[in-house]
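Visitor: structure04.tsv is reproduced in full below (TSV, C-alpha atoms and all ligand atoms).
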chain	number	residue	atom	x	y	z
A	13	MET	CA	0.00	0.00	0.00
A	14	SER	CA	1.45	3.38	-0.95
A	15	THR	CA	2.01	6.01	1.72
A	16	SER	CA	-0.66	8.31	0.30
A	17	ALA	CA	-3.20	5.49	0.00
A	18	ARG	CA	-2.42	4.48	3.55
A	19	THR	CA	-2.83	8.04	4.81
A	20	LEU	CA	-6.19	8.31	3.05
A	21	ALA	CA	-7.33	4.99	4.44
A	22	ILE	CA	-6.32	5.98	7.96
A	23	ALA	CA	-8.11	9.31	7.64
A	24	ALA	CA	-11.27	7.58	6.47
A	25	LEU	CA	-11.09	4.95	9.18
A	26	LEU	CA	-10.72	7.55	11.87
A	27	THR	CA	-14.21	8.78	11.08
A	28	LEU	CA	-15.67	5.34	11.81
A	29	GLY	CA	-14.68	4.90	15.42
A	30	VAL	CA	-17.55	3.57	17.51
A	31	ALA	CA	-15.46	1.61	19.97
A	32	VAL	CA	-15.82	1.96	23.68
A	33	ALA	CA	-13.72	-0.09	26.07
A	34	PRO	CA	-15.69	-1.82	28.80
A	35	GLY	CA	-16.36	0.55	31.64
A	36	VAL	CA	-14.70	3.51	29.96
A	37	GLY	CA	-16.55	6.67	29.02
A	38	ALA	CA	-17.05	7.27	25.30
A	39	ASP	CA	-16.07	10.90	25.71
A	40	ARG	CA	-12.46	9.98	26.50
A	41	ILE	CA	-9.81	9.38	23.89
A	42	GLY	CA	-8.53	6.26	25.58
A	43	PRO	CA	-8.03	4.35	28.79
A	44	ASN	CA	-6.13	5.78	31.76
A	45	ALA	CA	-2.91	4.29	33.17
A	46	GLN	CA	-4.71	1.92	35.52
A	47	GLU	CA	-7.00	0.67	32.76
A	48	ILE	CA	-4.00	0.15	30.49
A	49	ASP	CA	-2.40	-1.99	33.20
A	50	GLN	CA	-5.57	-4.09	33.35
A	51	ILE	CA	-5.66	-4.57	29.58
A	52	GLU	CA	-2.00	-5.61	29.47
A	53	ALA	CA	-2.44	-7.93	32.44
A	54	GLN	CA	-5.27	-9.70	30.65
A	55	TYR	CA	-3.31	-10.14	27.43
A	56	GLU	CA	-0.23	-11.36	29.23
A	57	GLY	CA	-2.28	-13.47	31.64
A	58	THR	CA	-5.54	-15.26	30.90
A	59	TYR	CA	-5.95	-14.28	27.24
A	60	ALA	CA	-4.17	-17.18	25.52
A	61	GLY	CA	-5.85	-19.79	27.71
A	62	GLU	CA	-9.30	-18.34	27.03
A	63	VAL	CA	-8.69	-18.34	23.28
A	64	THR	CA	-7.44	-21.92	23.41
A	65	GLU	CA	-10.54	-23.02	25.32
A	66	ALA	CA	-12.97	-21.25	22.96
A	67	THR	CA	-11.33	-22.66	19.84
A	68	LYS	CA	-11.17	-26.15	21.33
A	69	GLN	CA	-14.90	-26.03	22.03
A	70	ALA	CA	-15.55	-24.71	18.52
A	71	ARG	CA	-13.62	-27.59	17.03
A	72	THR	CA	-15.48	-30.20	19.09
A	73	TYR	CA	-18.80	-28.61	18.15
A	74	LEU	CA	-18.01	-28.55	14.43
A	75	ARG	CA	-16.73	-32.11	14.37
A	76	GLN	CA	-20.06	-33.31	15.79
A	77	ARG	CA	-22.07	-31.06	13.49
A	78	VAL	CA	-20.28	-32.28	10.37
A	79	ARG	CA	-20.74	-35.92	11.36
A	80	ARG	CA	-24.52	-35.60	11.01
A	81	ALA	CA	-24.49	-33.32	7.95
A	82	ALA	CA	-25.54	-34.69	4.56
A	83	ASP	CA	-23.57	-31.97	2.75
A	84	PRO	CA	-20.87	-30.20	4.81
A	85	ALA	CA	-20.44	-27.53	2.12
A	86	ARG	CA	-23.96	-26.28	2.88
A	87	LEU	CA	-22.76	-25.50	6.37
A	88	VAL	CA	-21.11	-22.13	6.91
A	89	ALA	CA	-18.46	-21.27	9.50
A	90	VAL	CA	-18.31	-17.53	10.17
A	91	PHE	CA	-15.05	-15.92	11.21
A	92	ASP	CA	-14.67	-12.33	12.31
A	93	VAL	CA	-11.44	-10.59	11.21
A	94	ASP	CA	-10.06	-8.14	13.80
A	95	GLU	CA	-9.03	-9.66	17.12
A	96	THR	CA	-10.31	-13.00	15.84
A	97	ALA	CA	-8.48	-14.14	12.71
A	98	ILE	CA	-5.75	-11.52	13.07
A	99	THR	CA	-4.71	-9.19	15.83
A	100	SER	CA	-3.63	-5.56	16.07
A	101	TYR	CA	-2.81	-5.86	19.77
A	102	GLU	CA	0.85	-4.83	19.50
A	103	CYS	CA	-0.02	-1.89	17.25
A	104	ILE	CA	-2.84	-0.68	19.52
A	105	LYS	CA	-0.64	-1.15	22.56
A	106	ARG	CA	2.07	1.02	21.04
A	107	GLY	CA	-0.59	3.76	20.76
A	108	ARG	CA	-1.56	3.40	24.45
A	109	PHE	CA	-4.89	1.81	23.38
A	110	ARG	CA	-6.35	5.12	22.20
A	111	TRP	CA	-9.55	4.71	20.14
A	112	ALA	CA	-8.21	6.51	17.09
A	113	ARG	CA	-5.16	4.29	17.17
A	114	ARG	CA	-7.29	1.18	16.98
A	115	ASN	CA	-8.77	2.32	13.67
A	116	ALA	CA	-5.40	3.38	12.27
A	117	CYS	CA	-3.99	-0.05	13.15
A	118	VAL	CA	-6.40	-1.67	10.68
A	119	VAL	CA	-4.15	-0.51	7.85
A	120	LEU	CA	-0.81	-0.59	9.66
A	121	ASP	CA	1.30	-3.73	9.46
A	122	PRO	CA	1.87	-6.36	10.64
A	123	HIS	CA	-1.25	-8.32	11.50
A	124	PRO	CA	-0.21	-11.63	12.97
A	125	PRO	CA	-2.80	-14.37	13.21
A	126	ILE	CA	-4.25	-15.45	16.51
A	127	PRO	CA	-2.60	-18.89	16.24
A	128	GLN	CA	-5.40	-20.94	17.79
A	129	VAL	CA	-7.90	-19.36	15.39
A	130	LEU	CA	-5.67	-20.07	12.40
A	131	GLU	CA	-5.48	-23.68	13.56
A	132	LEU	CA	-9.29	-23.76	13.82
A	133	TYR	CA	-9.56	-22.27	10.32
A	134	ARG	CA	-7.34	-25.03	8.93
A	135	PHE	CA	-9.45	-27.63	10.70
A	136	VAL	CA	-12.64	-26.15	9.24
A	137	ARG	CA	-11.10	-26.27	5.77
A	138	ARG	CA	-10.41	-29.99	6.15
A	139	THR	CA	-14.07	-30.65	7.04
A	140	GLY	CA	-15.32	-29.17	3.75
A	141	VAL	CA	-17.51	-26.63	5.57
A	142	THR	CA	-17.81	-23.28	3.74
A	143	ILE	CA	-15.83	-20.45	5.32
A	144	VAL	CA	-16.88	-16.81	5.34
A	145	PHE	CA	-15.27	-13.84	7.01
A	146	ILE	CA	-17.63	-11.04	8.03
A	147	SER	CA	-15.99	-7.85	9.23
A	148	ASP	CA	-17.06	-4.35	10.12
A	149	ARG	CA	-14.06	-3.04	8.24
A	150	PRO	CA	-15.19	-0.76	5.42
A	151	ASP	CA	-15.16	-2.24	1.93
A	152	TYR	CA	-12.47	0.14	0.64
A	153	VAL	CA	-9.86	-1.79	2.64
A	154	ARG	CA	-10.75	-5.06	0.89
A	155	ARG	CA	-7.43	-5.45	-0.88
A	156	GLN	CA	-5.38	-4.77	2.25
A	157	THR	CA	-7.60	-7.08	4.29
A	158	LEU	CA	-7.15	-9.93	1.79
A	159	GLN	CA	-3.39	-9.33	1.83
A	160	GLN	CA	-3.29	-9.33	5.62
A	161	LEU	CA	-5.30	-12.54	5.87
A	162	ARG	CA	-3.09	-14.25	3.30
A	163	ALA	CA	0.11	-13.07	4.99
A	164	ALA	CA	-1.21	-14.34	8.31
A	165	GLY	CA	-1.75	-17.81	6.83
A	166	TYR	CA	-5.45	-17.80	5.89
A	167	ARG	CA	-5.16	-19.50	2.53
A	168	GLY	CA	-7.62	-21.28	0.25
A	169	ARG	CA	-11.19	-20.54	-0.64
A	170	TYR	CA	-13.37	-18.29	1.46
A	171	GLN	CA	-15.68	-15.33	1.06
A	172	LEU	CA	-14.95	-11.98	2.66
A	173	PHE	CA	-17.86	-9.65	3.48
A	174	LEU	CA	-16.91	-6.09	4.42
A	175	ARG	CA	-19.25	-3.33	5.47
A	176	PRO	CA	-20.37	-1.15	2.57
A	177	THR	CA	-19.09	2.42	2.81
A	178	ARG	CA	-22.66	3.71	2.43
A	179	ASP	CA	-23.69	1.86	5.60
A	180	ARG	CA	-23.48	4.68	8.16
A	181	ARG	CA	-25.50	2.96	10.86
A	182	GLU	CA	-23.94	3.24	14.27
A	183	SER	CA	-24.14	-0.46	15.02
A	184	VAL	CA	-22.46	-3.21	13.02
A	185	ARG	CA	-25.17	-5.70	14.01
A	186	PRO	CA	-27.61	-5.07	11.12
A	187	PHE	CA	-24.81	-5.51	8.57
A	188	LYS	CA	-23.38	-8.69	10.08
A	189	SER	CA	-26.75	-10.34	10.72
A	190	GLY	CA	-27.92	-9.23	7.26
A	191	VAL	CA	-25.07	-11.13	5.60
A	192	ARG	CA	-25.77	-14.25	7.64
A	193	LYS	CA	-29.50	-14.13	6.88
A	194	ARG	CA	-28.78	-13.70	3.16
A	195	LEU	CA	-26.59	-16.79	3.22
A	196	GLU	CA	-29.35	-18.75	4.94
A	197	ARG	CA	-31.95	-17.56	2.44
A	198	GLY	CA	-29.61	-18.92	-0.23
A	199	GLY	CA	-29.89	-22.38	1.31
A	200	GLN	CA	-26.82	-22.40	3.54
A	201	VAL	CA	-26.82	-23.00	7.27
A	202	ILE	CA	-24.75	-20.92	9.67
A	203	THR	CA	-23.10	-23.30	12.10
A	204	LEU	CA	-19.96	-22.19	13.88
A	205	ASN	CA	-19.53	-18.45	14.43
A	206	ILE	CA	-16.40	-17.11	16.11
A	207	GLY	CA	-15.68	-13.52	17.07
A	208	ASP	CA	-14.45	-11.22	19.81
A	209	GLN	CA	-17.64	-9.12	20.06
A	210	TYR	CA	-21.17	-10.04	21.11
A	211	ALA	CA	-22.21	-7.86	18.17
A	212	ASP	CA	-20.78	-10.63	15.96
A	213	CYS	CA	-23.76	-12.76	16.87
A	214	GLU	CA	-26.91	-10.75	17.34
A	215	LEU	CA	-30.17	-10.07	15.46
A	216	GLY	CA	-30.53	-13.65	14.25
A	217	ALA	CA	-28.93	-16.35	12.09
A	218	CYS	CA	-26.07	-16.44	14.55
A	219	GLY	CA	-25.19	-20.11	14.51
A	220	THR	CA	-23.37	-21.40	17.56
A	221	PHE	CA	-21.22	-18.61	18.87
A	222	PHE	CA	-17.74	-18.93	20.33
A	223	LYS	CA	-16.69	-15.70	22.00
A	224	LEU	CA	-13.07	-14.67	22.19
A	225	PRO	CA	-11.86	-12.22	24.82
A	226	ASN	CA	-11.13	-8.59	23.93
A	227	GLY	CA	-10.12	-6.36	26.82
A	228	MET	CA	-9.24	-3.47	24.49
A	229	TYR	CA	-12.63	-2.41	23.17
A	230	SER	CA	-16.21	-3.47	22.56
A	231	ASN	CA	-18.34	-2.64	19.55
A	232	ARG	CA	-21.97	-1.65	19.50
A	301	MG	MG	-13.49	-8.34	15.85
What do you get writing this file as structure tokens?

Guide:
Amino acid sequence: MSTSARTLAIAALLTLGVAVAPGVGADRIGPNAQEIDQIEAQYEGTYAGEVTEATKQARTYLRQRVRRAADPARLVAVFDVDETAITSYECIKRGRFRWARRNACVVLDPHPPIPQVLELYRFVRRTGVTIVFISDRPDYVRRQTLQQLRAAGYRGRYQLFLRPTRDRRESVRPFKSGVRKRLERGGQVITLNIGDQYADCELGACGTFFKLPNGMYSNR
């Protein structure tokens, strides 16, 4: 991505911020020193174990679901992108977890995978279940998002749904549930759904949700 394109993308992303960390006022630009300590303690403490547990449960669930499926390809596994497939933790941390920083980090490299989720992704691929990514990233960062996913190890066939630029609704829920409902109307069945936000699984057609921790922010 060229410097000017990156600058433009960052500028546009900064206008989208709707994130509020748990327990932190939306009028502030970021967490205070004590809250930062709590975020870092979570990521250096319980985070990895919680992700391992959630992905292990997801794998067990999917294995059972596929066993009684006539056509696994009709089943859909939904993956969220940020803080699910890939993480911006180190980038956001360098910016002291400020809200604006979180949006800028979407287009700043690198984006390592969350390893347990990548492992789950590879397992899902082997089952023949259809994989879709649904993200509240705006659709003008499609190319960068595909590059980041590929660089992180997410290879093979999948669909990527990004939020249309014209969608100015405050909440991401109508967009994400709308995609899932469209897939179901097309004859597919949402099964596994993994994400770091409860908003990844609301307003219907959720499937079975596996929630990953995110101590940095929560989305409406
Ligand atoms: Mg996310």

Visitor: Using Å and a single decimal, report how far atom CA of Gly61 of chain A sits from atom CA of Met228 of chain A.

Guide: 17.0 Å

Visitor: Please provide the set of residues having any atom within 9 Å of Glu214 of chain A, restricted to all atoms listed in the file, with same-chain residues fewer than 2 positions apart removed, written as a ChimeraX atom specification.

Guide: /A:185-186,188-189,210-212,216-218

Visitor: Go through A:Thr99, A:Gln128, A:Thr139, A:Ser183 and flag the residue nearest ligand MG 301 (chain A), using all atoms listed in the file for the distances.

Guide: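 Using all atoms listed in the file, the shortest distance to ligand MG 301 (chain A) belongs to A:Thr99.
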
Visitor: Between atom CA of Gly199 of chain A and atom CA of Arg86 of chain A, what distance in Å does the model show, to one decimal?

Guide: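 Result for atom CA of Gly199 of chain A versus atom CA of Arg86 of chain A: 7.3 Å, one decimal.
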
Visitor: As a quick test: using only C-alpha atoms and all ligand atoms, which residues lie no more than 10 Å away from ligand MG 301 (chain A)? Give them as number ranges by chain.

Guide: A: 91-99, 146-149, 206-212, 224-226, 229-231

Visitor: For the residues in the current selection, export C-alpha atoms as a PDB file, keeping the file's coordinate frame.

Guide:
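Result written to again.pdb:
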ATOM      1  CA  PHE A  91     -15.050 -15.920  11.210  1.00  0.00           C
ATOM      2  CA  ASP A  92     -14.670 -12.330  12.310  1.00  0.00           C
ATOM      3  CA  VAL A  93     -11.440 -10.590  11.210  1.00  0.00           C
ATOM      4  CA  ASP A  94     -10.060  -8.140  13.800  1.00  0.00           C
ATOM      5  CA  GLU A  95      -9.030  -9.660  17.120  1.00  0.00           C
ATOM      6  CA  THR A  96     -10.310 -13.000  15.840  1.00  0.00           C
ATOM      7  CA  ALA A  97      -8.480 -14.140  12.710  1.00  0.00           C
ATOM      8  CA  ILE A  98      -5.750 -11.520  13.070  1.00  0.00           C
ATOM      9  CA  THR A  99      -4.710  -9.190  15.830  1.00  0.00           C
ATOM     10  CA  ILE A 146     -17.630 -11.040   8.030  1.00  0.00           C
ATOM     11  CA  SER A 147     -15.990  -7.850   9.230  1.00  0.00           C
ATOM     12  CA  ASP A 148     -17.060  -4.350  10.120  1.00  0.00           C
ATOM     13  CA  ARG A 149     -14.060  -3.040   8.240  1.00  0.00           C
ATOM     14  CA  ILE A 206     -16.400 -17.110  16.110  1.00  0.00           C
ATOM     15  CA  GLY A 207     -15.680 -13.520  17.070  1.00  0.00           C
ATOM     16  CA  ASP A 208     -14.450 -11.220  19.810  1.00  0.00           C
ATOM     17  CA  GLN A 209     -17.640  -9.120  20.060  1.00  0.00           C
ATOM     18  CA  TYR A 210     -21.170 -10.040  21.110  1.00  0.00           C
ATOM     19  CA  ALA A 211     -22.210  -7.860  18.170  1.00  0.00           C
ATOM     20  CA  ASP A 212     -20.780 -10.630  15.960  1.00  0.00           C
ATOM     21  CA  LEU A 224     -13.070 -14.670  22.190  1.00  0.00           C
ATOM     22  CA  PRO A 225     -11.860 -12.220  24.820  1.00  0.00           C
ATOM     23  CA  ASN A 226     -11.130  -8.590  23.930  1.00  0.00           C
ATOM     24  CA  TYR A 229     -12.630  -2.410  23.170  1.00  0.00           C
ATOM     25  CA  SER A 230     -16.210  -3.470  22.560  1.00  0.00           C
ATOM     26  CA  ASN A 231     -18.340  -2.640  19.550  1.00  0.00           C
TER      27      ASN A 231
END

Visitor: I'd like to know which of A:Arg114, A:Cys213, A:Leu204, A:Phe173 is closest to Thr72 of chain A, using all atoms listed in the file.

Guide: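 Smallest distance to Thr72 of chain A is found for A:Leu204.
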
Visitor: Pick out the residues sitting within 12 Å of Ala60 of chain A, and hand them over as a list in words; count all atoms listed in the file, and ignore anything fewer than 4 positions along from it in its own chain.

Guide: Ala53, Gln54, Tyr55, Glu56, Thr64, Glu65, Ala66, Thr67, Ile126, Pro127, Gln128, Val129, Leu224, Pro225 and Asn226 of chain A

Visitor: State, in Å with one decimal place, the distance from atom CA of Arg197 of chain A to atom CA of Val184 of chain A.

Guide: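 These atoms are spaced 20.2 Å apart.
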
Visitor: Find the spatial neighbours of Arg138 of chain A, counting all atoms listed in the file, within a cut-off of 12 Å - ignore same-chain residues fewer than 2 positions away - and output them as a list in words.

Guide: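 After dropping sequence-adjacent residues, the list is Arg71, Leu74, Arg75, Val78, Pro84, Ala85, Glu131, Leu132, Tyr133, Arg134, Phe135, Val136, Gly140, Val141, Thr142, Ile143, Gly168 and Arg169 of chain A.
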
Visitor: Contacts of Ala164 of chain A at 7 Å or less, counting all atoms listed in the file, minus same-chain residues fewer than 4 places along, as a list in words?

Guide: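 Everything that qualifies: His123, Pro124, Pro125 and Gln160 of chain A.
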
Visitor: Nearest to Ala112 of chain A among A:Phe145, A:Pro176, A:Gly219, A:Gly42, with distances taken over all atoms listed in the file: which residue is it?

Guide: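 Answer, going by the shortest atom-to-atom distance: A:Gly42.
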
Visitor: Go through A:Ile41, A:Val119, A:Leu172, A:Val201 and flag the residue nearest Ala81 of chain A, using only C-alpha atoms for the distances.

Guide: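 Closest to Ala81 of chain A of all the choices is A:Val201.
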
Visitor: Could you give me segment 89-115 of chain A completed to N, CA and C atoms, formatted as a compact mmCIF listing (two decimals), keeping the file's coordinate frame?

Guide:
# COMPACT_ATOMS: atom_id res chain seq x y z
N ALA A 89 -19.17 -21.72 8.29
CA ALA A 89 -18.46 -21.27 9.50
C ALA A 89 -18.11 -19.81 9.31
N VAL A 90 -18.53 -18.97 10.26
CA VAL A 90 -18.31 -17.53 10.17
C VAL A 90 -17.13 -17.13 11.06
N PHE A 91 -16.18 -16.46 10.46
CA PHE A 91 -15.05 -15.92 11.21
C PHE A 91 -15.10 -14.40 11.15
N ASP A 92 -14.91 -13.77 12.28
CA ASP A 92 -14.67 -12.33 12.31
C ASP A 92 -13.20 -12.10 11.93
N VAL A 93 -12.83 -10.87 11.62
CA VAL A 93 -11.44 -10.59 11.21
C VAL A 93 -10.62 -10.04 12.37
N ASP A 94 -10.92 -8.80 12.81
CA ASP A 94 -10.06 -8.14 13.80
C ASP A 94 -10.22 -8.73 15.19
N GLU A 95 -9.10 -9.03 15.79
CA GLU A 95 -9.03 -9.66 17.12
C GLU A 95 -9.72 -11.02 17.15
N THR A 96 -9.83 -11.61 15.95
CA THR A 96 -10.31 -13.00 15.84
C THR A 96 -9.34 -13.75 14.93
N ALA A 97 -9.43 -13.49 13.61
CA ALA A 97 -8.48 -14.14 12.71
C ALA A 97 -7.08 -13.55 12.87
N ILE A 98 -7.03 -12.23 12.93
CA ILE A 98 -5.75 -11.52 13.07
C ILE A 98 -5.85 -10.53 14.21
N THR A 99 -4.69 -10.11 14.68
CA THR A 99 -4.71 -9.19 15.83
C THR A 99 -3.87 -7.94 15.58
N SER A 100 -4.36 -6.84 16.12
CA SER A 100 -3.63 -5.56 16.07
C SER A 100 -3.14 -5.20 17.47
N TYR A 101 -3.12 -6.16 18.36
CA TYR A 101 -2.81 -5.86 19.77
C TYR A 101 -1.52 -5.05 19.93
N GLU A 102 -0.44 -5.51 19.31
CA GLU A 102 0.85 -4.83 19.50
C GLU A 102 0.80 -3.40 18.98
N CYS A 103 0.11 -3.23 17.85
CA CYS A 103 -0.02 -1.89 17.25
C CYS A 103 -0.86 -0.97 18.16
N ILE A 104 -1.96 -1.49 18.66
CA ILE A 104 -2.84 -0.68 19.52
C ILE A 104 -2.13 -0.37 20.84
N LYS A 105 -1.39 -1.34 21.32
CA LYS A 105 -0.64 -1.15 22.56
C LYS A 105 0.40 -0.03 22.41
N ARG A 106 1.07 -0.04 21.28
CA ARG A 106 2.07 1.02 21.04
C ARG A 106 1.43 2.41 21.07
N GLY A 107 0.14 2.49 20.73
CA GLY A 107 -0.59 3.76 20.76
C GLY A 107 -1.34 3.96 22.07
N ARG A 108 -0.95 3.25 23.11
CA ARG A 108 -1.56 3.40 24.45
C ARG A 108 -3.07 3.14 24.41
N PHE A 109 -3.50 2.28 23.47
CA PHE A 109 -4.89 1.81 23.38
C PHE A 109 -5.89 2.94 23.11
N ARG A 110 -5.42 4.04 22.53
CA ARG A 110 -6.35 5.12 22.20
C ARG A 110 -7.29 4.68 21.08
N TRP A 111 -8.54 5.18 21.11
CA TRP A 111 -9.55 4.71 20.14
C TRP A 111 -9.12 4.97 18.70
N ALA A 112 -8.61 6.17 18.46
CA ALA A 112 -8.21 6.51 17.09
C ALA A 112 -7.12 5.58 16.62
N ARG A 113 -6.25 5.19 17.51
CA ARG A 113 -5.16 4.29 17.17
C ARG A 113 -5.69 2.94 16.69
N ARG A 114 -6.73 2.48 17.35
CA ARG A 114 -7.29 1.18 16.98
C ARG A 114 -7.71 1.17 15.51
N ASN A 115 -8.34 2.26 15.06
CA ASN A 115 -8.77 2.32 13.67
C ASN A 115 -7.59 2.44 12.74
